[in-house]
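Working notes, structure below.
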Amino acid sequence: MEFGRAVKRLRLLSIAGAGLLFLANCGDMQNGPVSRAEAEAARLEYAVQEVQYLQSKGRRVWCVPFARNASGIEIFGNAKTWWSQAKGQFARSREPQPGAVMAFSATRSNPLGHVAVVSKVEDARRIRVNHANWHRNKISLGMAVIDVSEKNDWSAVRLESYPGAFGRVYPVKGFIAAEPGNG
């Protein structure tokens, strides 16, 4: 019985994924192409719905599936592997842009790394991100991130753990964008 539900869920996810691809690539035939912002909003809505489904079933929420669903970047495996997996497949840079995935380095306190999706660039040293499991089994939307690197290259950041409260410094490898790339 559980297997049958899993197969049905996979079919629904495939249909939802196809719908998102249509939204992102084809657009609305009557109203013209869908904007990048509309596609990002649709992906975020889908990612949030997936988290709500997992929570309703008492399951764990992880940063990787959330980032994959919210960004459209199809990378699998622990967050610490995303940066190297993206090489040659997706554009990688030190510059944040909306929709890109911020790839955190693994640390002793965070051995699997972390990934978060940029939702807004506020200025050269401050962005907002959406991510999951920063707080166990929860999603955090619109959290502020400050670049505290000496070279202003986003290699070290502080995240807003709670409104107005920034935590310790975390190392970052860079940003992965959905566009094809060789970096």
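FYI, nothing fancy with the structure tokens labels: chains A, B, ... in order, residues from 1 per chain, ligands from 1 as they appear.
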Report as a ChimeraX atom specification all protein, DNA and RNA residues lying within 8 Å of segment 68-83 of chain A, evaluated on only C-alpha atoms, omitting residues in the same chain fewer than 2 positions from it. /A:40,43-47,63-66,85-87,92,99-101,103-106,111-115,117,173-174,176-178
Sorted by chain and rising residue number, list the residues of segment 35-67 of chain A at most 6 Å from segment 120-141 of chain A (counting only C-alpha atoms), each with its closest atom pair and distance in Å to one decimal, as CSV.
```
residue,atom,partner,partner_atom,distance
A:Arg60,CA,A:Asn137,CA,5.7
A:Val61,CA,A:Asn137,CA,4.7
A:Trp62,CA,A:Asn133,CA,5.4
A:Cys63,CA,A:Ala132,CA,4.5
```
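If you count only C-alpha atoms and ignore residues fewer than 3 places along the chain from segment 151-164 of chain A, what sits within 8 Å of it is Arg94, Glu95, Arg125, Trp134, Met143, Ala144, Val145, Ile146, Asp147, Val148, Gly167, Arg168, Val169, Tyr170, Pro171, Val172, Lys173 and Gly174 of chain A.
Atom CA of Glu50 of chain A is positioned 23.9 Å from atom CA of Gln97 of chain A.
Residues of segment 68-143 of chain A that DSSP, applied to the backbone, places in strand (DSSP E): Ala91, Arg92, Ser93, Val101, Met102, Ala103, Phe104, His114, Val115, Ala116, Val117, Val118, Ser119, Lys120, Val121, Glu122, Asp123, Arg126, Ile127, Arg128, Val129, Asn130, His131, Ala132, Ile139, Ser140, Leu141, Gly142 and Met143 of chain A.
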